[in-house]
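*Asks:* Pasting start_29.cif here (mmCIF, C-alpha atoms and all ligand atoms):
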data_model
#
loop_
_atom_site.label_atom_id
_atom_site.label_comp_id
_atom_site.auth_asym_id
_atom_site.auth_seq_id
_atom_site.Cartn_x
_atom_site.Cartn_y
_atom_site.Cartn_z
CA MET A 13 73.04 -18.82 64.21
CA ARG A 14 70.85 -17.40 61.53
CA LYS A 15 69.62 -19.39 58.54
CA GLU A 16 66.84 -19.27 56.02
CA VAL A 17 63.98 -21.54 57.12
CA PHE A 18 61.54 -20.74 54.36
CA SER A 19 61.53 -19.28 50.90
CA SER A 20 59.12 -19.38 48.04
CA SER A 21 58.27 -17.79 44.73
CA ILE A 22 55.34 -17.39 42.40
CA SER A 23 55.61 -18.14 38.71
CA TYR A 24 53.59 -16.47 35.95
CA MET A 25 52.35 -18.38 32.91
CA GLN A 26 51.18 -17.17 29.53
CA ILE A 27 50.79 -19.56 26.57
CA ILE A 28 49.06 -17.44 23.94
CA ASP A 29 50.21 -13.84 23.78
CA GLN A 30 48.26 -10.71 22.98
CA ASN A 31 48.81 -11.17 19.22
CA GLY A 32 47.68 -14.78 19.15
CA ASN A 33 51.15 -16.38 19.05
CA ALA A 34 51.47 -19.63 21.01
CA ASP A 35 54.43 -20.76 23.13
CA MET A 36 54.66 -24.32 21.82
CA ASP A 37 56.89 -25.49 24.70
CA LEU A 38 54.09 -24.78 27.15
CA PHE A 39 51.17 -25.59 24.87
CA PRO A 40 49.26 -28.62 26.25
CA LYS A 41 50.05 -31.51 23.88
CA ASP A 42 46.63 -33.11 24.15
CA LEU A 43 44.63 -29.92 23.59
CA SER A 44 42.85 -30.50 20.27
CA ASP A 45 41.96 -27.81 17.74
CA ASP A 46 38.28 -28.70 18.23
CA LYS A 47 38.55 -28.00 21.94
CA ILE A 48 40.13 -24.58 21.36
CA VAL A 49 37.37 -23.72 18.90
CA GLU A 50 34.86 -24.79 21.55
CA MET A 51 36.59 -22.54 24.09
CA TYR A 52 36.41 -19.64 21.68
CA LYS A 53 32.70 -20.25 20.98
CA ASN A 54 31.97 -20.39 24.70
CA MET A 55 33.79 -17.10 25.19
CA LEU A 56 31.75 -15.49 22.42
CA PHE A 57 28.59 -16.92 23.96
CA ALA A 58 29.45 -15.49 27.39
CA ARG A 59 30.06 -12.06 25.89
CA ALA A 60 26.82 -12.15 23.89
CA LEU A 61 24.87 -13.20 26.97
CA ASP A 62 26.46 -10.37 28.93
CA ALA A 63 25.48 -7.77 26.33
CA LYS A 64 21.91 -9.08 26.32
CA VAL A 65 21.45 -8.85 30.09
CA LEU A 66 22.90 -5.33 30.13
CA SER A 67 20.46 -4.28 27.44
CA LEU A 68 17.51 -5.90 29.27
CA GLN A 69 18.55 -4.18 32.48
CA ARG A 70 18.58 -0.80 30.74
CA GLN A 71 15.08 -1.52 29.45
CA GLY A 72 13.84 -2.34 32.97
CA ARG A 73 13.55 -6.04 32.13
CA ALA A 74 16.34 -7.23 34.46
CA VAL A 75 17.53 -6.29 37.94
CA THR A 76 21.08 -5.40 39.09
CA TYR A 77 23.63 -7.26 37.01
CA ALA A 78 27.42 -7.79 37.33
CA PRO A 79 28.95 -7.88 33.81
CA LEU A 80 31.71 -10.35 32.95
CA VAL A 81 33.07 -8.73 29.78
CA GLY A 82 36.88 -9.00 29.75
CA GLU A 83 36.91 -12.00 32.09
CA GLU A 84 35.80 -14.65 29.57
CA ALA A 85 39.14 -16.49 29.38
CA THR A 86 39.39 -16.89 33.16
CA GLN A 87 35.86 -18.24 33.42
CA ILE A 88 35.70 -20.43 30.32
CA GLY A 89 39.26 -21.79 30.63
CA SER A 90 38.80 -22.88 34.24
CA ALA A 91 35.27 -24.25 33.73
CA MET A 92 36.29 -26.31 30.70
CA ALA A 93 39.13 -27.89 32.68
CA MET A 94 36.69 -29.42 35.16
CA SER A 95 35.18 -32.86 34.74
CA ASP A 96 31.39 -33.23 35.00
CA LYS A 97 31.58 -34.56 38.54
CA ASP A 98 33.72 -31.66 39.81
CA ILE A 99 31.76 -29.05 41.72
CA PHE A 100 31.97 -25.32 40.98
CA VAL A 101 31.41 -22.67 43.63
CA PRO A 102 30.94 -19.21 42.08
CA SER A 103 30.58 -15.76 43.55
CA PHE A 104 28.36 -13.39 41.52
CA ARG A 105 30.13 -12.71 38.21
CA GLN A 106 30.81 -16.22 36.87
CA HIS A 107 28.02 -16.43 34.29
CA GLY A 108 30.50 -17.92 31.82
CA VAL A 109 31.08 -20.81 34.22
CA PHE A 110 27.33 -21.41 34.40
CA LEU A 111 27.19 -21.52 30.59
CA VAL A 112 29.93 -24.14 30.34
CA ARG A 113 28.39 -26.18 33.15
CA LYS A 114 25.10 -26.18 31.23
CA LEU A 115 22.87 -24.29 33.63
CA PRO A 116 19.75 -23.78 31.48
CA MET A 117 19.98 -20.19 30.25
CA GLU A 118 16.34 -19.44 31.03
CA LEU A 119 17.17 -20.00 34.71
CA MET A 120 19.92 -17.39 34.48
CA PHE A 121 17.50 -14.89 32.96
CA LEU A 122 14.93 -15.78 35.61
CA TYR A 123 17.46 -14.90 38.30
CA TRP A 124 18.23 -11.63 36.53
CA ARG A 125 14.49 -10.87 36.52
CA GLY A 126 14.77 -11.08 40.30
CA PHE A 127 13.35 -14.56 40.91
CA GLU A 128 15.22 -16.88 43.25
CA GLU A 129 13.77 -19.82 41.32
CA GLY A 130 16.51 -19.08 38.79
CA ASN A 131 19.18 -19.55 41.40
CA MET A 132 18.27 -23.15 42.20
CA MET A 133 20.84 -25.44 40.59
CA PRO A 134 19.12 -28.32 38.82
CA GLU A 135 20.24 -31.88 39.52
CA GLY A 136 23.44 -32.67 37.62
CA VAL A 137 24.72 -29.10 37.24
CA ASN A 138 27.04 -29.71 40.21
CA GLY A 139 27.50 -26.21 41.48
CA THR A 140 26.31 -23.85 44.17
CA PRO A 141 24.10 -20.81 43.49
CA ILE A 142 25.26 -17.22 43.01
CA ILE A 143 26.70 -15.91 46.28
CA VAL A 144 26.77 -12.14 46.82
CA PRO A 145 28.37 -11.73 50.31
CA VAL A 146 32.01 -11.34 49.31
CA ALA A 147 34.23 -14.43 49.89
CA THR A 148 31.69 -16.41 51.95
CA GLN A 149 31.66 -18.98 49.15
CA VAL A 150 35.31 -19.86 49.79
CA PRO A 151 34.79 -21.65 53.15
CA HIS A 152 31.64 -23.22 51.67
CA GLY A 153 33.74 -24.58 48.82
CA VAL A 154 36.37 -25.90 51.20
CA GLY A 155 33.65 -27.62 53.24
CA ILE A 156 32.28 -29.24 50.10
CA ALA A 157 35.82 -30.37 49.20
CA PHE A 158 36.18 -31.86 52.68
CA ALA A 159 32.99 -33.84 52.10
CA GLN A 160 34.32 -35.13 48.75
CA LYS A 161 37.50 -36.35 50.39
CA TYR A 162 35.64 -37.85 53.37
CA LYS A 163 33.19 -39.68 51.11
CA ASN A 164 35.91 -40.57 48.63
CA THR A 165 33.84 -39.40 45.63
CA GLY A 166 36.87 -38.50 43.51
CA ALA A 167 35.32 -35.09 42.78
CA SER A 168 37.17 -31.82 43.31
CA VAL A 169 35.87 -28.33 43.97
CA VAL A 170 36.72 -25.29 41.86
CA ALA A 171 35.75 -22.09 43.68
CA TYR A 172 35.99 -18.46 42.53
CA VAL A 173 36.84 -15.31 44.42
CA GLY A 174 37.65 -11.77 43.31
CA ASP A 175 40.82 -9.80 44.07
CA GLY A 176 38.87 -7.86 46.71
CA GLY A 177 37.57 -11.10 48.22
CA THR A 178 41.12 -12.20 49.05
CA SER A 179 41.26 -9.46 51.72
CA GLU A 180 38.41 -11.08 53.65
CA GLY A 181 38.86 -13.23 56.76
CA ASP A 182 36.79 -15.96 55.09
CA PHE A 183 39.48 -16.31 52.42
CA TYR A 184 42.33 -16.86 54.90
CA GLU A 185 40.33 -19.20 57.12
CA ALA A 186 39.34 -21.30 54.14
CA MET A 187 42.95 -21.44 52.89
CA ASN A 188 44.10 -22.61 56.28
CA PHE A 189 41.54 -25.40 56.47
CA ALA A 190 42.17 -26.56 52.89
CA GLY A 191 45.93 -26.65 53.52
CA VAL A 192 45.73 -28.63 56.77
CA TRP A 193 43.32 -31.21 55.33
CA LYS A 194 44.98 -31.34 51.90
CA LEU A 195 41.61 -31.06 50.21
CA PRO A 196 40.84 -31.43 46.50
CA PHE A 197 40.16 -27.72 46.22
CA VAL A 198 41.20 -25.30 43.49
CA LEU A 199 40.61 -21.62 44.07
CA ILE A 200 40.49 -19.33 41.06
CA ILE A 201 41.28 -15.76 42.05
CA GLU A 202 39.61 -13.71 39.35
CA ASN A 203 41.85 -10.68 39.72
CA ASN A 204 40.04 -8.10 37.58
CA GLN A 205 42.03 -5.25 39.19
CA TRP A 206 39.07 -3.62 40.92
CA ALA A 207 36.81 -4.23 43.95
CA ILE A 208 34.07 -1.84 42.90
CA SER A 209 36.04 1.46 43.09
CA VAL A 210 39.06 0.18 45.07
CA PRO A 211 42.04 -0.59 42.80
CA ARG A 212 44.20 -3.66 43.30
CA LYS A 213 47.14 -1.66 44.66
CA GLU A 214 45.03 -0.19 47.45
CA GLN A 215 43.63 -3.56 48.48
CA THR A 216 46.83 -5.23 49.67
CA ALA A 217 50.59 -4.67 49.93
CA ALA A 218 51.21 -8.26 48.75
CA GLY A 219 53.14 -8.38 45.47
CA THR A 220 50.82 -11.05 44.06
CA LEU A 221 47.49 -12.36 45.28
CA ALA A 222 48.65 -15.93 44.62
CA GLN A 223 51.30 -15.69 47.35
CA LYS A 224 48.60 -15.37 49.99
CA ALA A 225 48.16 -19.15 49.70
CA ILE A 226 51.81 -19.93 50.47
CA ALA A 227 51.47 -19.30 54.21
CA ALA A 228 48.73 -21.94 54.30
CA GLY A 229 51.05 -24.47 52.66
CA ILE A 230 49.17 -24.34 49.36
CA ASP A 231 50.73 -24.33 45.90
CA ALA A 232 49.96 -21.19 43.93
CA VAL A 233 50.61 -19.79 40.48
CA GLN A 234 49.75 -16.65 38.60
CA VAL A 235 48.51 -16.90 35.02
CA ASP A 236 47.54 -14.49 32.28
CA GLY A 237 43.81 -14.53 32.95
CA ASN A 238 43.13 -13.26 29.42
CA ASP A 239 44.77 -16.35 27.94
CA VAL A 240 42.18 -19.13 27.89
CA VAL A 241 44.77 -21.85 27.18
CA ALA A 242 46.97 -20.82 30.13
CA VAL A 243 43.97 -20.75 32.48
CA TYR A 244 42.76 -24.12 31.18
CA ASN A 245 46.19 -25.66 31.54
CA ALA A 246 46.82 -24.36 35.05
CA THR A 247 43.39 -25.50 36.25
CA ARG A 248 43.77 -28.95 34.72
CA GLU A 249 47.21 -29.42 36.24
CA ALA A 250 45.93 -28.31 39.64
CA LEU A 251 42.89 -30.60 39.47
CA ALA A 252 45.03 -33.60 38.59
CA LYS A 253 46.98 -33.29 41.85
CA LYS A 254 43.93 -33.64 44.12
CA VAL A 255 45.46 -31.29 46.68
CA PRO A 256 44.65 -27.63 47.25
CA ALA A 257 45.84 -25.06 44.73
CA VAL A 258 45.38 -21.37 44.10
CA ILE A 259 45.46 -19.87 40.62
CA GLU A 260 45.54 -16.10 40.36
CA CYS A 261 44.17 -15.13 36.96
CA VAL A 262 45.31 -11.64 36.02
CA THR A 263 42.49 -10.11 34.02
CA TYR A 264 40.46 -6.92 33.83
CA ARG A 265 36.88 -5.84 34.47
CA MET A 266 36.31 -4.05 31.17
CA SER A 267 32.86 -2.78 32.14
CA LEU A 268 30.85 -1.76 35.19
CA HIS A 269 31.11 -3.36 38.63
CA THR A 270 27.35 -3.76 38.38
CA THR A 271 24.61 -1.89 36.57
CA ALA A 272 24.40 0.33 39.68
CA ASP A 273 27.98 1.56 39.14
CA ASP A 274 29.66 4.27 37.05
CA PRO A 275 33.40 3.51 36.71
CA THR A 276 34.13 6.76 34.86
CA LYS A 277 33.98 8.37 38.33
CA TYR A 278 37.08 6.51 39.54
CA ARG A 279 39.20 5.16 36.67
CA SER A 280 40.71 6.55 33.53
CA ASP A 281 39.72 5.79 29.94
CA ALA A 282 43.42 5.27 29.19
CA GLU A 283 43.56 2.32 31.59
CA VAL A 284 40.52 0.72 29.97
CA GLU A 285 41.99 1.25 26.50
CA GLU A 286 45.25 -0.39 27.57
CA TRP A 287 43.39 -3.52 28.60
CA LYS A 288 41.26 -3.55 25.46
CA ALA A 289 44.43 -4.42 23.57
CA LYS A 290 44.69 -7.53 25.73
CA ASP A 291 41.12 -8.63 24.95
CA PRO A 292 40.87 -12.37 25.68
CA ILE A 293 38.53 -13.01 22.74
CA LEU A 294 40.58 -11.15 20.16
CA ARG A 295 43.79 -13.02 20.87
CA ILE A 296 42.23 -16.47 20.60
CA ARG A 297 40.50 -15.43 17.42
CA ASN A 298 43.89 -14.31 16.04
CA TYR A 299 45.38 -17.65 17.06
CA LEU A 300 42.58 -19.60 15.35
CA ALA A 301 42.69 -17.44 12.21
CA LYS A 302 46.45 -18.03 11.85
CA LYS A 303 45.77 -21.75 11.94
CA ASN A 304 42.90 -21.45 9.44
CA LEU A 305 40.48 -22.74 12.05
CA TRP A 306 38.23 -19.68 11.97
CA ASN A 307 36.85 -17.14 9.49
CA ASP A 308 34.20 -14.43 9.15
CA GLY A 309 31.59 -16.90 7.90
CA LEU A 310 31.95 -19.12 10.98
CA GLN A 311 31.89 -16.04 13.17
CA LYS A 312 28.59 -14.82 11.69
CA GLN A 313 27.00 -18.28 11.83
CA THR A 314 28.05 -18.78 15.48
CA GLU A 315 26.85 -15.34 16.55
CA ASP A 316 23.46 -15.91 14.88
CA GLU A 317 23.01 -19.32 16.50
CA GLN A 318 23.96 -17.99 19.93
CA LEU A 319 21.69 -14.96 19.68
CA LYS A 320 18.78 -17.21 18.74
CA LYS A 321 19.39 -19.41 21.80
CA ILE A 322 19.68 -16.33 24.01
CA ASP A 323 16.43 -14.84 22.69
CA GLU A 324 14.59 -18.12 23.21
CA ALA A 325 15.83 -18.28 26.81
CA VAL A 326 14.73 -14.69 27.48
CA GLU A 327 11.30 -15.49 26.09
CA LYS A 328 10.95 -18.52 28.35
CA ALA A 329 12.12 -16.56 31.41
CA GLU A 330 9.66 -13.75 30.66
CA GLU A 331 6.76 -16.22 30.51
CA PHE A 332 7.42 -17.22 34.12
CA LYS A 333 4.58 -16.25 36.45
CA PRO A 334 5.58 -16.54 40.09
CA ASP A 335 3.09 -17.64 42.71
CA PRO A 336 2.90 -14.59 44.99
CA ARG A 337 2.25 -16.89 47.93
CA SER A 338 5.90 -17.84 47.66
CA ILE A 339 6.78 -14.58 49.48
CA PHE A 340 5.60 -16.34 52.65
CA GLU A 341 7.83 -19.33 52.06
CA HIS A 342 11.54 -19.93 52.69
CA VAL A 343 11.79 -17.31 55.45
CA TYR A 344 11.78 -19.97 58.18
CA SER A 345 12.52 -23.69 57.96
CA TYR A 346 8.85 -24.16 59.00
CA MET A 347 5.97 -21.71 58.70
CA PRO A 348 5.13 -20.02 62.03
CA GLU A 349 1.42 -19.66 62.93
CA THR A 350 1.47 -15.87 62.47
CA LEU A 351 2.79 -16.17 58.94
CA LYS A 352 0.35 -18.96 58.17
CA GLU A 353 -2.52 -16.68 59.22
CA GLU A 354 -1.24 -13.99 56.85
CA LEU A 355 -0.91 -16.53 54.06
CA ASP A 356 -4.49 -17.74 54.64
CA ALA A 357 -5.77 -14.17 54.65
CA ALA A 358 -3.88 -13.35 51.46
CA GLY A 359 -5.15 -16.56 49.87
CA SER A 360 -8.80 -15.85 50.58
CA ALA A 361 -8.52 -12.25 49.40
CA ASN A 362 -7.00 -13.36 46.08
CA TRP A 363 -5.27 -10.02 46.02
CA TRP A 364 -2.77 -10.92 43.39
CA GLN A 365 -5.39 -11.78 40.81
CA GLN A 366 -7.11 -8.42 40.87
C1 LIG B 401 30.86 -9.15 52.89
C2 LIG B 401 30.54 -8.11 51.84
N1 LIG B 401 31.09 -6.88 51.93
C3 LIG B 401 30.82 -5.95 50.98
C4 LIG B 401 29.98 -6.25 49.93
C5 LIG B 401 29.72 -5.22 48.84
N2 LIG B 401 30.47 -5.64 47.65
C6 LIG B 401 29.89 -6.32 46.66
S1 LIG B 401 30.97 -6.74 45.46
C7 LIG B 401 32.24 -5.95 46.25
C8 LIG B 401 33.61 -5.91 45.65
C9 LIG B 401 34.12 -7.26 45.32
O1 LIG B 401 35.32 -7.13 44.61
P1 LIG B 401 36.08 -8.39 44.10
O2 LIG B 401 36.17 -9.41 45.20
O3 LIG B 401 37.34 -7.94 43.49
O4 LIG B 401 35.10 -9.02 43.01
P2 LIG B 401 34.59 -8.35 41.64
O5 LIG B 401 33.34 -7.58 41.97
O6 LIG B 401 35.67 -7.49 41.12
O7 LIG B 401 34.29 -9.51 40.75
C10 LIG B 401 31.80 -5.40 47.45
C11 LIG B 401 32.67 -4.64 48.37
C12 LIG B 401 29.42 -7.54 49.88
N3 LIG B 401 28.64 -7.94 48.88
N4 LIG B 401 29.72 -8.47 50.83
MG MG B 402 37.70 -7.52 41.51
#
Spit out the file's structure as structure tokens when you get a sec.
Ligand SMILES: Cc1ncc(C[n+]2csc(CCOP(=O)(O)OP(=O)(O)O)c2C)c(N)n1
Ligand SMILES: [Mg+2]

*Replies:*
Amino acid sequence: MRKEVFSSSISYMQIIDQNGNADMDLFPKDLSDDKIVEMYKNMLFARALDAKVLSLQRQGRAVTYAPLVGEEATQIGSAMAMSDKDIFVPSFRQHGVFLVRKLPMELMFLYWRGFEEGNMMPEGVNGTPIIVPVATQVPHGVGIAFAQKYKNTGASVVAYVGDGGTSEGDFYEAMNFAGVWKLPFVLIIENNQWAISVPRKEQTAAGTLAQKAIAAGIDAVQVDGNDVVAVYNATREALAKKVPAVIECVTYRMSLHTTADDPTKYRSDAEVEEWKAKDPILRIRNYLAKKNLWNDGLQKQTEDEQLKKIDEAVEKAEEFKPDPRSIFEHVYSYMPETLKEELDAAGSANWWQQ
């Protein structure tokens, strides 16, 4: 006897197309015009912030930075679908998520100046810090989701991983655990087509990244990651179920991997141009303009307000004077005698004040 014992498929969802036309059958009924305008403003804000950090980095006023340009819809759509008590677990490119979750911007700039003080999430922000080791945040997120279920807090976790990150063991182990324990855990795969210089097609033979969740018994979908409404809708639907879900957002890294990278060495201008036509900001602006919800005046006013806030945050971050003694702290859970001796010696020499 031979029979099929398992089959599955992955669906793809797009609600607003490249030209700003909405599929009204799929359009969330309770999504107000005000909320879409807010999404659009947040996307603009994320892009403006991105441009500012890049410029500061080029002036020697910021350290290595991973730009988000092109990925605004994935980040803003998923972040705006969360409730305040839900916990976000980013990797290293989700600055748009931080914006929505109201991490004070001066802390972001502080981090980009190279100070860990900027990576300490204040009370109430409900998220974990920037994590650079690829995919290690996924099992952390699953562990946090386990705690939410165990303590019955009602909160869910929304974690982020890149396309490249889904090839890591941490990803599969975390999927397995989340599936077995049926945890309130939503994983956003921010598929921006590149893991530094390795293209998506060389990372895995899997037809979609979403299907990697199926073996762990987890529901998965693929969405147009440049369509903020589709990302919002998929995340909200997943969060409502309180069981694990994976959402692959198909988007594109329009800029550098980080400021230490030069993508012209490994990808063509034609590819970048092709994705520019799918710009997540442009399509939502087209949608809003068609509905008379946006115009050039509002655009100018919003950009001015956002730039002012960004400049104020940079100013605050640049006023920060670290205590050099902090280099002796946080290495061990307690301070060993040898380090204490060095700290005392440094303290009496007052070397940093000379
Ligand atoms: C465990 C580990 N291996 C390698 C690196 C170096 N590294 C940093 S980012 C990156 C690529 C990540 O690609 P992806 O997961 O697609 O995320 P993206 O950078 O595109 O947002 C690599 C290999 C690292 N930080 N951690
Ligand atoms: Mg990637």

*Asks:* Show me, as a ChimeraX atom specification, the residues that have an atom within 10 Å of segment 289-299 of chain A when counting all atoms listed in the file, minus same-chain residues fewer than 6 positions from it.

*Replies:* /A:28-34,48-49,51-53,55-56,59,81-86,236-241,263-264,266,305-307,311

*Asks:* Quick one: residues within 10 Å of Pro151 of chain A, all atoms listed in the file, excluding same-chain residues fewer than 2 positions away - as a list of chain:residue names?

*Replies:*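 That gives A:Ala147, A:Thr148, A:Gln149, A:Gly153, A:Val154, A:Gly155, A:Ile156, A:Ala157, A:Ala171, A:Asp182, A:Phe183, A:Tyr184, A:Glu185, A:Ala186, A:Met187, A:Asn188, A:Phe189, A:Ala190.
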
*Asks:* Using all atoms listed in the file, find each residue with an atom at most 9 Å away from ligand LIG 401 (chain B) and format the answer as a PyMOL selection string.

*Replies:* chain A and resi 78-80+103-106+143-148+173-180+201-212+264-265+269-270

*Asks:* Hey, can you spit out that residue selection with C-alpha atoms as a CSV table (one decimal), in the coordinates of the input?

*Replies:*
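result33.csv, written as the output of this step:
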chain,number,residue,atom,x,y,z
A,78,ALA,CA,27.4,-7.8,37.3
A,79,PRO,CA,29.0,-7.9,33.8
A,80,LEU,CA,31.7,-10.4,33.0
A,103,SER,CA,30.6,-15.8,43.6
A,104,PHE,CA,28.4,-13.4,41.5
A,105,ARG,CA,30.1,-12.7,38.2
A,106,GLN,CA,30.8,-16.2,36.9
A,143,ILE,CA,26.7,-15.9,46.3
A,144,VAL,CA,26.8,-12.1,46.8
A,145,PRO,CA,28.4,-11.7,50.3
A,146,VAL,CA,32.0,-11.3,49.3
A,147,ALA,CA,34.2,-14.4,49.9
A,148,THR,CA,31.7,-16.4,52.0
A,173,VAL,CA,36.8,-15.3,44.4
A,174,GLY,CA,37.6,-11.8,43.3
A,175,ASP,CA,40.8,-9.8,44.1
A,176,GLY,CA,38.9,-7.9,46.7
A,177,GLY,CA,37.6,-11.1,48.2
A,178,THR,CA,41.1,-12.2,49.0
A,179,SER,CA,41.3,-9.5,51.7
A,180,GLU,CA,38.4,-11.1,53.6
A,201,ILE,CA,41.3,-15.8,42.0
A,202,GLU,CA,39.6,-13.7,39.4
A,203,ASN,CA,41.8,-10.7,39.7
A,204,ASN,CA,40.0,-8.1,37.6
A,205,GLN,CA,42.0,-5.2,39.2
A,206,TRP,CA,39.1,-3.6,40.9
A,207,ALA,CA,36.8,-4.2,44.0
A,208,ILE,CA,34.1,-1.8,42.9
A,209,SER,CA,36.0,1.5,43.1
A,210,VAL,CA,39.1,0.2,45.1
A,211,PRO,CA,42.0,-0.6,42.8
A,212,ARG,CA,44.2,-3.7,43.3
A,264,TYR,CA,40.5,-6.9,33.8
A,265,ARG,CA,36.9,-5.8,34.5
A,269,HIS,CA,31.1,-3.4,38.6
A,270,THR,CA,27.4,-3.8,38.4

*Asks:* Given 6 Å on each side, where is the centre and what are the edge lengths in Å to one decimal of the axis-aligned box enclosing the listed atoms of segment 48-56 of chain A, as AutoDock Vina command-line options?

*Replies:*
--center_x 35.9 --center_y -20.1 --center_z 22.0 --size_x 20.4 --size_y 21.3 --size_z 18.3

*Asks:* Find, counting only C-alpha atoms, the residue in A:Glu285, A:Glu249, A:Glu341, A:Asp356 that gets nearest to Pro40 of chain A.

*Replies:*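 Of all the options, A:Glu249 lies closest to Pro40 of chain A.
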
*Asks:* Just give me the gap between atom CA of Val262 of chain A and atom CA of Lys64 of chain A in Å, one decimal is fine.

*Replies:*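 Separation of atom CA of Val262 of chain A and atom CA of Lys64 of chain A: 25.5 Å.
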
*Asks:* For a quick check of understanding, using all atoms listed in the file, which of A:Arg248, A:Lys213, A:Lys254, A:Lys312 has the smallest distance to ligand MG 402 (chain B)?

*Replies:*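 Comparing A:Arg248, A:Lys213, A:Lys254, A:Lys312 against ligand MG 402 (chain B), the winner is A:Lys213.
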
*Asks:* Taking into account only C-alpha atoms, which residue in the set A:Asn54, A:Ser338, A:Gln215, A:Ser20 is nearest to Ser90 of chain A?

*Replies:* A:Asn54

*Asks:* Can you list, as a count of residues only, every protein, DNA or RNA residue that comes within 12 Å of Pro334 of chain A when you count only C-alpha atoms, leaving out same-chain residues fewer than 3 positions away?

*Replies:* 15

*Asks:* Residues at most 8 Å from Pro141 of chain A, counting all atoms listed in the file, excluding those fewer than 6 positions away in the same chain, as a ChimeraX atom specification?

*Replies:* /A:101-102,131-133

*Asks:* When distances are computed from only C-alpha atoms and all ligand atoms, which of A:Ala272, A:Met120, A:Leu221, A:Leu68 shows the smallest separation from ligand MG 402 (chain B)?

*Replies:*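 The answer is A:Leu221, which sits nearest to ligand MG 402 (chain B).
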
*Asks:* I need the residue nearest ligand MG 402 (chain B) from this list: A:Ser280, A:Ser267, A:Gln223, A:Gln234. Use all atoms listed in the file for the distance.

*Replies:* A:Ser267

*Asks:* May I ask which of the residues A:Val112, A:Ile99, A:Val343, A:Ala217 is the closest one to Ala167 of chain A, counting all atoms listed in the file?

*Replies:*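 Ranked by minimum distance to Ala167 of chain A, first place goes to A:Ile99.
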
*Asks:* Can you pull out the residues contacting Ala222 of chain A? Cut-off 7 Å, using only C-alpha atoms, and skip same-chain residues under 4 positions away; I want them as a list in words.

*Replies:* Ala232, Val233, Gln234, Val258, Ile259 and Glu260 of chain A

*Asks:* Can those selected residues be exported to a file as an mmCIF file, keeping the file's coordinate frame so that it contains C-alpha atoms?

*Replies:*
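Everything below was put into selection19.cif:
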data_model
loop_
_atom_site.group_PDB
_atom_site.id
_atom_site.type_symbol
_atom_site.label_atom_id
_atom_site.label_comp_id
_atom_site.auth_asym_id
_atom_site.auth_seq_id
_atom_site.Cartn_x
_atom_site.Cartn_y
_atom_site.Cartn_z
ATOM 1 C CA ALA A 232 49.960 -21.190 43.930
ATOM 2 C CA VAL A 233 50.610 -19.790 40.480
ATOM 3 C CA GLN A 234 49.750 -16.650 38.600
ATOM 4 C CA VAL A 258 45.380 -21.370 44.100
ATOM 5 C CA ILE A 259 45.460 -19.870 40.620
ATOM 6 C CA GLU A 260 45.540 -16.100 40.360
#

*Asks:* Could you work out how far atom CA of Met92 of chain A lies from atom CA of Val326 of chain A, giving the answer in Å with one decimal?

*Replies:*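 Between these atoms lies a distance of 24.7 Å.
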
*Asks:* For the atom pair atom CA of Lys114 of chain A and atom CA of Glu50 of chain A, what is the interatomic distance in Å to one decimal place?

*Replies:*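 One can read the atom CA of Lys114 of chain A to atom CA of Glu50 of chain A distance as 13.8 Å.
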